[in-house]
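*Asks:* What follows is query.csv, CSV, N, CA and C atoms.
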```csv
chain,number,residue,atom,x,y,z
Y,1,GLN,N,-71.0,-43.9,56.9
Y,1,GLN,CA,-70.1,-43.9,55.7
Y,1,GLN,C,-68.6,-43.9,56.3
Y,2,VAL,N,-67.9,-44.8,55.7
Y,2,VAL,CA,-66.5,-44.9,56.2
Y,2,VAL,C,-65.6,-43.8,55.5
Y,3,GLN,N,-64.8,-43.2,56.4
Y,3,GLN,CA,-63.9,-42.2,55.9
Y,3,GLN,C,-62.5,-42.5,56.4
Y,4,LEU,N,-61.5,-42.3,55.5
Y,4,LEU,CA,-60.1,-42.5,55.8
Y,4,LEU,C,-59.4,-41.3,55.5
Y,5,VAL,N,-58.6,-40.8,56.4
Y,5,VAL,CA,-57.8,-39.6,56.2
Y,5,VAL,C,-56.3,-39.9,56.5
Y,6,GLU,N,-55.5,-39.6,55.5
Y,6,GLU,CA,-54.1,-39.9,55.7
Y,6,GLU,C,-53.3,-38.7,56.2
Y,7,SER,N,-52.2,-38.9,56.8
Y,7,SER,CA,-51.3,-37.8,57.2
Y,7,SER,C,-49.9,-38.3,57.3
Y,8,GLY,N,-49.0,-37.4,57.3
Y,8,GLY,CA,-47.6,-37.7,57.5
Y,8,GLY,C,-46.7,-37.7,56.2
Y,9,GLY,N,-47.3,-37.4,55.1
Y,9,GLY,CA,-46.5,-37.4,53.8
Y,9,GLY,C,-45.6,-36.1,53.8
Y,10,GLY,N,-45.0,-36.0,52.6
Y,10,GLY,CA,-44.1,-34.8,52.4
Y,10,GLY,C,-42.9,-35.2,51.7
Y,11,SER,N,-41.8,-34.4,51.8
Y,11,SER,CA,-40.6,-34.6,51.1
Y,11,SER,C,-39.6,-35.3,52.1
Y,12,VAL,N,-38.9,-36.3,51.5
Y,12,VAL,CA,-37.9,-37.0,52.3
Y,12,VAL,C,-36.6,-37.2,51.5
Y,13,GLN,N,-35.5,-37.2,52.1
Y,13,GLN,CA,-34.2,-37.4,51.4
Y,13,GLN,C,-34.1,-38.9,51.2
Y,14,ALA,N,-33.5,-39.3,50.1
Y,14,ALA,CA,-33.2,-40.7,49.8
Y,14,ALA,C,-32.4,-41.3,51.0
Y,15,GLY,N,-32.8,-42.5,51.4
Y,15,GLY,CA,-32.1,-43.1,52.5
Y,15,GLY,C,-32.8,-42.9,53.8
Y,16,GLY,N,-33.8,-41.9,53.8
Y,16,GLY,CA,-34.5,-41.6,55.0
Y,16,GLY,C,-35.7,-42.5,55.3
Y,17,SER,N,-36.5,-42.0,56.3
Y,17,SER,CA,-37.6,-42.8,56.7
Y,17,SER,C,-38.9,-41.9,56.7
Y,18,LEU,N,-40.0,-42.6,56.7
Y,18,LEU,CA,-41.3,-41.9,56.9
Y,18,LEU,C,-42.3,-42.7,57.7
Y,19,ARG,N,-43.2,-42.0,58.2
Y,19,ARG,CA,-44.3,-42.7,58.9
Y,19,ARG,C,-45.6,-42.1,58.4
Y,20,LEU,N,-46.5,-42.9,57.8
Y,20,LEU,CA,-47.8,-42.4,57.4
Y,20,LEU,C,-48.9,-43.0,58.3
Y,21,SER,N,-49.9,-42.2,58.6
Y,21,SER,CA,-51.0,-42.6,59.4
Y,21,SER,C,-52.3,-42.4,58.8
Y,22,CYS,N,-53.2,-43.3,59.0
Y,22,CYS,CA,-54.6,-43.2,58.4
Y,22,CYS,C,-55.6,-43.4,59.5
Y,23,VAL,N,-56.4,-42.4,59.7
Y,23,VAL,CA,-57.5,-42.4,60.7
Y,23,VAL,C,-58.8,-42.8,60.0
Y,24,VAL,N,-59.4,-43.8,60.6
Y,24,VAL,CA,-60.6,-44.4,60.0
Y,24,VAL,C,-61.8,-44.0,60.9
Y,25,SER,N,-62.8,-43.4,60.3
Y,25,SER,CA,-64.1,-43.1,61.0
Y,25,SER,C,-65.3,-43.7,60.3
Y,26,GLY,N,-66.4,-43.7,61.1
Y,26,GLY,CA,-67.6,-44.2,60.5
Y,26,GLY,C,-67.7,-45.7,60.3
Y,27,SER,N,-66.9,-46.4,61.2
Y,27,SER,CA,-66.8,-47.8,61.0
Y,27,SER,C,-66.5,-48.4,62.4
Y,28,ASP,N,-66.8,-49.7,62.6
Y,28,ASP,CA,-66.4,-50.4,63.8
Y,28,ASP,C,-65.0,-51.0,63.7
Y,29,PHE,N,-64.3,-50.6,62.6
Y,29,PHE,CA,-62.9,-51.0,62.4
Y,29,PHE,C,-62.7,-52.5,62.2
Y,30,SER,N,-63.8,-53.1,61.7
Y,30,SER,CA,-63.7,-54.5,61.4
Y,30,SER,C,-63.6,-54.7,59.9
Y,31,PHE,N,-62.4,-54.9,59.4
Y,31,PHE,CA,-62.2,-55.0,57.9
Y,31,PHE,C,-61.5,-56.3,57.6
Y,32,ILE,N,-61.8,-56.9,56.5
Y,32,ILE,CA,-61.2,-58.1,56.0
Y,32,ILE,C,-59.7,-57.8,55.6
Y,33,THR,N,-59.5,-56.6,55.0
Y,33,THR,CA,-58.2,-56.2,54.7
Y,33,THR,C,-58.1,-54.7,54.9
Y,34,MET,N,-57.0,-54.1,55.3
Y,34,MET,CA,-56.8,-52.7,55.4
Y,34,MET,C,-55.3,-52.5,55.2
Y,35,GLY,N,-55.0,-51.3,54.6
Y,35,GLY,CA,-53.6,-51.1,54.3
Y,35,GLY,C,-53.3,-49.9,53.4
Y,36,TRP,N,-52.2,-50.0,52.8
Y,36,TRP,CA,-51.7,-48.9,52.0
Y,36,TRP,C,-51.4,-49.3,50.5
Y,37,TYR,N,-51.7,-48.4,49.6
Y,37,TYR,CA,-51.3,-48.5,48.2
Y,37,TYR,C,-50.6,-47.2,47.8
Y,38,ARG,N,-50.0,-47.3,46.7
Y,38,ARG,CA,-49.4,-46.1,46.2
Y,38,ARG,C,-49.5,-46.0,44.7
Y,39,GLN,N,-49.4,-44.8,44.1
Y,39,GLN,CA,-49.4,-44.6,42.7
Y,39,GLN,C,-48.4,-43.6,42.3
Y,40,ALA,N,-47.5,-44.0,41.4
Y,40,ALA,CA,-46.5,-43.1,40.9
Y,40,ALA,C,-47.0,-42.5,39.6
Y,41,PRO,N,-46.4,-41.4,39.2
Y,41,PRO,CA,-46.9,-40.8,37.9
Y,41,PRO,C,-46.7,-41.7,36.8
Y,42,GLY,N,-47.8,-41.9,36.0
Y,42,GLY,CA,-47.7,-42.7,34.8
Y,42,GLY,C,-47.8,-44.2,35.1
Y,43,LYS,N,-48.0,-44.6,36.4
Y,43,LYS,CA,-48.0,-46.0,36.7
Y,43,LYS,C,-49.3,-46.4,37.4
Y,44,GLU,N,-49.6,-47.7,37.5
Y,44,GLU,CA,-50.8,-48.1,38.1
Y,44,GLU,C,-50.7,-48.1,39.6
Y,45,ARG,N,-51.8,-48.1,40.3
Y,45,ARG,CA,-51.7,-48.2,41.7
Y,45,ARG,C,-51.3,-49.6,42.1
Y,46,GLU,N,-50.4,-49.6,43.2
Y,46,GLU,CA,-49.8,-50.9,43.6
Y,46,GLU,C,-49.9,-51.0,45.1
Y,47,LEU,N,-49.9,-52.3,45.5
Y,47,LEU,CA,-49.9,-52.5,47.0
Y,47,LEU,C,-48.6,-52.2,47.6
Y,48,VAL,N,-48.7,-51.5,48.7
Y,48,VAL,CA,-47.5,-51.3,49.5
Y,48,VAL,C,-47.5,-52.3,50.7
Y,49,ALA,N,-48.6,-52.3,51.5
Y,49,ALA,CA,-48.7,-53.2,52.6
Y,49,ALA,C,-50.1,-53.3,53.0
Y,50,SER,N,-50.5,-54.5,53.5
Y,50,SER,CA,-51.8,-54.7,54.0
Y,50,SER,C,-51.9,-55.6,55.2
Y,51,ILE,N,-52.9,-55.5,56.0
Y,51,ILE,CA,-53.2,-56.4,57.1
Y,51,ILE,C,-54.4,-57.1,56.8
Y,52,ILE,N,-54.4,-58.4,56.9
Y,52,ILE,CA,-55.5,-59.3,56.7
Y,52,ILE,C,-56.2,-59.6,58.0
Y,53,ARG,N,-57.5,-59.7,58.0
Y,53,ARG,CA,-58.2,-60.1,59.3
Y,53,ARG,C,-57.6,-61.3,59.9
Y,54,GLY,N,-57.2,-61.2,61.1
Y,54,GLY,CA,-56.5,-62.3,61.7
Y,54,GLY,C,-55.1,-62.0,62.0
Y,55,GLY,N,-54.6,-60.9,61.3
Y,55,GLY,CA,-53.3,-60.4,61.7
Y,55,GLY,C,-52.2,-60.6,60.7
Y,56,ALA,N,-52.3,-61.4,59.7
Y,56,ALA,CA,-51.3,-61.6,58.7
Y,56,ALA,C,-51.0,-60.3,57.9
Y,57,ARG,N,-49.7,-60.1,57.6
Y,57,ARG,CA,-49.3,-59.0,56.8
Y,57,ARG,C,-48.9,-59.4,55.4
Y,58,ASN,N,-49.2,-58.5,54.5
Y,58,ASN,CA,-48.8,-58.7,53.1
Y,58,ASN,C,-48.1,-57.5,52.6
Y,59,TYR,N,-46.9,-57.7,52.0
Y,59,TYR,CA,-46.1,-56.5,51.5
Y,59,TYR,C,-45.9,-56.6,50.0
Y,60,GLY,N,-45.9,-55.5,49.3
Y,60,GLY,CA,-45.5,-55.4,48.0
Y,60,GLY,C,-44.0,-55.7,47.8
Y,61,ALA,N,-43.7,-56.3,46.7
Y,61,ALA,CA,-42.3,-56.7,46.4
Y,61,ALA,C,-41.3,-55.6,46.5
Y,62,ALA,N,-41.8,-54.4,46.0
Y,62,ALA,CA,-40.9,-53.3,46.0
Y,62,ALA,C,-40.5,-52.7,47.4
Y,63,VAL,N,-41.3,-53.0,48.4
Y,63,VAL,CA,-41.0,-52.5,49.7
Y,63,VAL,C,-40.7,-53.5,50.7
Y,64,ARG,N,-40.8,-54.8,50.4
Y,64,ARG,CA,-40.6,-55.9,51.3
Y,64,ARG,C,-39.2,-55.7,52.0
Y,65,GLY,N,-39.2,-55.8,53.3
Y,65,GLY,CA,-38.0,-55.6,54.1
Y,65,GLY,C,-37.7,-54.2,54.5
Y,66,ARG,N,-38.5,-53.2,53.9
Y,66,ARG,CA,-38.3,-51.8,54.2
Y,66,ARG,C,-39.6,-51.2,54.8
Y,67,ALA,N,-40.6,-51.9,54.8
Y,67,ALA,CA,-41.9,-51.4,55.3
Y,67,ALA,C,-42.5,-52.2,56.4
Y,68,THR,N,-43.2,-51.5,57.3
Y,68,THR,CA,-43.9,-52.2,58.3
Y,68,THR,C,-45.3,-51.5,58.5
Y,69,VAL,N,-46.4,-52.4,58.4
Y,69,VAL,CA,-47.7,-51.9,58.5
Y,69,VAL,C,-48.3,-52.3,59.9
Y,70,SER,N,-49.0,-51.4,60.5
Y,70,SER,CA,-49.6,-51.8,61.8
Y,70,SER,C,-50.9,-51.1,62.0
Y,71,LYS,N,-51.7,-51.5,63.0
Y,71,LYS,CA,-53.0,-50.9,63.2
Y,71,LYS,C,-53.2,-50.8,64.7
Y,72,ASP,N,-54.0,-49.8,65.1
Y,72,ASP,CA,-54.3,-49.6,66.5
Y,72,ASP,C,-55.8,-49.6,66.5
Y,73,ASP,N,-56.4,-50.7,67.1
Y,73,ASP,CA,-57.8,-50.9,67.2
Y,73,ASP,C,-58.5,-49.8,68.1
Y,74,THR,N,-57.8,-49.3,69.0
Y,74,THR,CA,-58.3,-48.3,70.0
Y,74,THR,C,-58.4,-47.0,69.3
Y,75,LYS,N,-57.4,-46.6,68.6
Y,75,LYS,CA,-57.3,-45.3,67.9
Y,75,LYS,C,-57.9,-45.4,66.5
Y,76,LYS,N,-58.2,-46.6,66.0
Y,76,LYS,CA,-58.7,-46.8,64.7
Y,76,LYS,C,-57.8,-46.1,63.6
Y,77,THR,N,-56.5,-46.5,63.7
Y,77,THR,CA,-55.5,-46.0,62.8
Y,77,THR,C,-54.8,-47.2,62.1
Y,78,ILE,N,-54.4,-46.9,60.9
Y,78,ILE,CA,-53.5,-47.8,60.1
Y,78,ILE,C,-52.3,-47.1,59.8
Y,79,ASP,N,-51.1,-47.6,60.3
Y,79,ASP,CA,-49.9,-46.9,60.1
Y,79,ASP,C,-48.9,-47.6,59.2
Y,80,LEU,N,-48.1,-46.8,58.5
Y,80,LEU,CA,-47.1,-47.4,57.6
Y,80,LEU,C,-45.8,-46.8,57.9
Y,81,GLU,N,-44.8,-47.5,58.2
Y,81,GLU,CA,-43.4,-47.1,58.4
Y,81,GLU,C,-42.6,-47.6,57.3
Y,82,MET,N,-41.8,-46.7,56.7
Y,82,MET,CA,-40.9,-47.2,55.6
Y,82,MET,C,-39.5,-46.6,55.9
Y,83,SER,N,-38.5,-47.4,55.6
Y,83,SER,CA,-37.1,-47.0,55.8
Y,83,SER,C,-36.3,-47.1,54.5
Y,84,ASN,N,-35.1,-46.5,54.5
Y,84,ASN,CA,-34.3,-46.6,53.3
Y,84,ASN,C,-35.0,-46.2,52.0
Y,85,LEU,N,-35.7,-45.0,52.1
Y,85,LEU,CA,-36.5,-44.6,51.0
Y,85,LEU,C,-35.7,-44.3,49.8
Y,86,GLN,N,-36.2,-44.6,48.6
Y,86,GLN,CA,-35.6,-44.4,47.3
Y,86,GLN,C,-36.5,-43.5,46.5
Y,87,ARG,N,-35.9,-42.9,45.4
Y,87,ARG,CA,-36.7,-42.1,44.6
Y,87,ARG,C,-37.9,-42.8,44.0
Y,88,GLU,N,-37.7,-44.1,43.8
Y,88,GLU,CA,-38.8,-44.9,43.2
Y,88,GLU,C,-40.0,-45.0,44.2
Y,89,ASP,N,-39.8,-44.7,45.4
Y,89,ASP,CA,-40.9,-44.7,46.4
Y,89,ASP,C,-41.8,-43.4,46.3
Y,90,THR,N,-41.4,-42.5,45.5
Y,90,THR,CA,-42.2,-41.3,45.2
Y,90,THR,C,-43.5,-41.6,44.6
Y,91,GLY,N,-44.6,-41.0,45.2
Y,91,GLY,CA,-45.9,-41.2,44.6
Y,91,GLY,C,-47.0,-40.7,45.6
Y,92,VAL,N,-48.2,-41.0,45.2
Y,92,VAL,CA,-49.3,-40.7,46.1
Y,92,VAL,C,-49.7,-42.0,46.9
Y,93,TYR,N,-49.7,-41.9,48.2
Y,93,TYR,CA,-50.0,-43.0,49.0
Y,93,TYR,C,-51.4,-43.0,49.5
Y,94,PHE,N,-52.1,-44.1,49.3
Y,94,PHE,CA,-53.6,-44.2,49.6
Y,94,PHE,C,-53.8,-45.2,50.7
Y,95,CYS,N,-54.6,-44.8,51.6
Y,95,CYS,CA,-55.1,-45.8,52.7
Y,95,CYS,C,-56.4,-46.5,52.1
Y,96,HIS,N,-56.5,-47.7,52.4
Y,96,HIS,CA,-57.6,-48.5,51.9
Y,96,HIS,C,-58.1,-49.5,53.0
Y,97,ALA,N,-59.4,-49.6,53.0
Y,97,ALA,CA,-60.0,-50.6,53.9
Y,97,ALA,C,-61.2,-51.3,53.3
Y,98,ARG,N,-61.2,-52.6,53.4
Y,98,ARG,CA,-62.3,-53.4,52.7
Y,98,ARG,C,-63.0,-54.2,53.8
Y,99,PRO,N,-64.4,-54.0,53.9
Y,99,PRO,CA,-65.1,-54.6,55.0
Y,99,PRO,C,-65.3,-56.1,54.8
Y,100,ASN,N,-65.5,-56.5,53.5
Y,100,ASN,CA,-65.7,-58.0,53.3
Y,100,ASN,C,-65.2,-58.3,51.8
Y,101,LEU,N,-65.1,-59.6,51.6
Y,101,LEU,CA,-64.7,-60.0,50.2
Y,101,LEU,C,-65.9,-59.6,49.2
Y,102,GLY,N,-65.5,-59.2,48.1
Y,102,GLY,CA,-66.5,-58.8,47.1
Y,102,GLY,C,-66.9,-57.4,47.2
Y,103,VAL,N,-66.4,-56.7,48.1
Y,103,VAL,CA,-66.8,-55.3,48.3
Y,103,VAL,C,-65.6,-54.4,48.0
Y,104,ALA,N,-65.8,-53.4,47.3
Y,104,ALA,CA,-64.6,-52.6,46.8
Y,104,ALA,C,-63.9,-51.9,48.0
Y,105,GLY,N,-64.6,-51.5,49.0
Y,105,GLY,CA,-64.0,-50.9,50.1
Y,105,GLY,C,-63.9,-49.4,49.9
Y,106,SER,N,-63.2,-48.7,50.9
Y,106,SER,CA,-63.1,-47.3,50.9
Y,106,SER,C,-61.6,-46.9,50.8
Y,107,TRP,N,-61.4,-45.7,50.1
Y,107,TRP,CA,-60.1,-45.1,49.9
Y,107,TRP,C,-60.0,-43.8,50.6
Y,108,GLY,N,-58.8,-43.5,51.1
Y,108,GLY,CA,-58.5,-42.1,51.5
Y,108,GLY,C,-58.3,-41.3,50.3
Y,109,GLN,N,-58.1,-40.0,50.5
Y,109,GLN,CA,-57.9,-39.0,49.4
Y,109,GLN,C,-56.5,-39.1,48.9
Y,110,GLY,N,-55.6,-39.7,49.6
Y,110,GLY,CA,-54.2,-39.8,49.1
Y,110,GLY,C,-53.3,-38.7,49.7
Y,111,ILE,N,-52.0,-39.1,49.8
Y,111,ILE,CA,-51.1,-38.1,50.3
Y,111,ILE,C,-49.8,-38.3,49.6
Y,112,GLN,N,-49.2,-37.1,49.2
Y,112,GLN,CA,-48.0,-37.2,48.4
Y,112,GLN,C,-46.7,-37.5,49.2
Y,113,VAL,N,-45.9,-38.3,48.7
Y,113,VAL,CA,-44.6,-38.6,49.3
Y,113,VAL,C,-43.6,-38.4,48.2
Y,114,THR,N,-42.6,-37.5,48.4
Y,114,THR,CA,-41.6,-37.2,47.4
Y,114,THR,C,-40.2,-37.5,48.0
Y,115,VAL,N,-39.5,-38.4,47.3
Y,115,VAL,CA,-38.2,-38.8,47.8
Y,115,VAL,C,-37.1,-38.1,46.9
Y,116,SER,N,-36.3,-37.4,47.4
Y,116,SER,CA,-35.3,-36.7,46.6
Y,116,SER,C,-33.9,-37.1,47.0
Y,117,SER,N,-33.0,-37.1,46.0
Y,117,SER,CA,-31.6,-37.5,46.2
Y,117,SER,C,-30.7,-36.3,46.5
```
Output the structure of this file as structure tokens.

*Replies:*
Amino acid sequence: QVQLVESGGGSVQAGGSLRLSCVVSGSDFSFITMGWYRQAPGKERELVASIIRGGARNYGAAVRGRATVSKDDTKKTIDLEMSNLQREDTGVYFCHARPNLGVAGSWGQGIQVTVSS
């Protein structure tokens, strides 16, 4: 069973940076997509950043230019770095990994990020 565990969240001042990490276990780390989503209070879950098999990156419009997603095949981690954080970046951030098309994939439990001014 695939398990994803996020770390690195917390409170950040506006304009600051953060780095989130997701450790993946129970898998050979071969996913068609893997990455990060977030959900703000009262809003739907949205894409932050993902890595597609083959290496292409996909970023949500709200974070494009401020976010970098990366993976480490040896450590089996998926990392997200974000800069120039704004209050609108506040939310619960979820790690996600999908093994193949048509499969829902697995989610982490989520980690809170709060940006204050």

*Asks:* Rank nothing, just name the residue among Y:Val115, Y:Ile51, Y:Leu80, Y:Ala104 nearest to Y:Ser7, using only C-alpha atoms.

*Replies:*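 Distance minimum relative to Y:Ser7 lands on Y:Leu80.
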
*Asks:* Calculated over only C-alpha atoms, which of the candidates Y:Val12, Y:Val103, Y:Ile111, Y:Ala61 has the smallest distance to Y:Phe31?

*Replies:*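 That would be Y:Val103, the residue with the smallest distance to Y:Phe31.
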
*Asks:* Quick one: everything within 12 Å of Y:Leu18, counting only C-alpha atoms, minus sequence neighbours fewer than 5 positions away in the same chain. Send it as a list in words.

*Replies:*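 The contact residues come out as Ser7, Gly8, Gly9, Gly10, Ser11, Val12, Gln13, Arg66, Ala67, Thr68, Val69, Asp79, Leu80, Glu81, Met82, Ser83, Asn84, Leu85, Gln86, Asp89, Thr90, Tyr93, Gln112, Val113, Thr114 and Val115 of chain Y.
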
*Asks:* At what distance in Å, to one decimal, does atom CA of Y:Pro99 lie from atom CA of Y:Pro41?

*Replies:* 28.5 Å

*Asks:* Using DSSP assignments from the backbone, pull out every residue in chain Y that falls under strand (DSSP E) and give it to me as a VMD selection string.

*Replies:* chain Y and resid 3 to 7 10 to 13 18 to 25 33 to 39 46 to 52 57 to 59 67 to 72 77 to 82 91 to 98 106 to 107 111 to 116

*Asks:* Quick one: contact table of stretch 37-111 of chain Y to stretch 26-30 of chain Y, 8 Å max, nearest atom pair and distance in Å to one decimal per residue, counting all atoms listed in the file, chain and number order, as JSON lines?

*Replies:*
```
{"residue": "Y:Arg53", "atom": "CA", "partner": "Y:Ser30", "partner_atom": "C", "distance": 7.7}
{"residue": "Y:Asp73", "atom": "CA", "partner": "Y:Phe29", "partner_atom": "CA", "distance": 7.0}
{"residue": "Y:Lys76", "atom": "CA", "partner": "Y:Phe29", "partner_atom": "CA", "distance": 6.4}
{"residue": "Y:Thr77", "atom": "N", "partner": "Y:Phe29", "partner_atom": "CA", "distance": 7.9}
{"residue": "Y:Ala97", "atom": "C", "partner": "Y:Ser30", "partner_atom": "C", "distance": 7.8}
{"residue": "Y:Arg98", "atom": "C", "partner": "Y:Ser30", "partner_atom": "C", "distance": 6.1}
{"residue": "Y:Pro99", "atom": "CA", "partner": "Y:Ser30", "partner_atom": "C", "distance": 5.1}
{"residue": "Y:Asn100", "atom": "N", "partner": "Y:Ser30", "partner_atom": "C", "distance": 6.9}
```

*Asks:* Work out how far apart atom N of Y:Ser70 and atom CA of Y:Gly42 are and give it in Å to one decimal.

*Replies:*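 Between these atoms lies a distance of 27.2 Å.
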
*Asks:* Please indicate the distance in Å from atom C of Y:Gly16 to atom CA of Y:Arg64, rounded to one decimal place.

*Replies:*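 Those two atoms sit 14.8 Å apart.
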
*Asks:* Nearest residue to Y:Lys75 out of Y:Val24, Y:Glu6, Y:Val48, Y:Tyr37, using only C-alpha atoms?

*Replies:* Y:Val24

*Asks:* Choose the residue, out of Y:Leu101, Y:Leu20, Y:Val92, Y:Val5, that has the smallest atom-to-atom separation from Y:Ala40; count only C-alpha atoms.

*Replies:* Y:Val92

*Asks:* Nearest residue to Y:Cys95 out of Y:Gly65, Y:Ser17, Y:Val23, Y:Ile52, using only N, CA and C atoms?

*Replies:*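 Checking each of Y:Gly65, Y:Ser17, Y:Val23, Y:Ile52 against Y:Cys95, counting only N, CA and C atoms, the winner is Y:Val23.
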
*Asks:* Using only C-alpha atoms for the distances, tell me which of Y:Glu44, Y:Ser116, Y:Gly60, Y:Asp72 is nearest to Y:Arg87.

*Replies:*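 Smallest separation from Y:Arg87 among the options: Y:Ser116.
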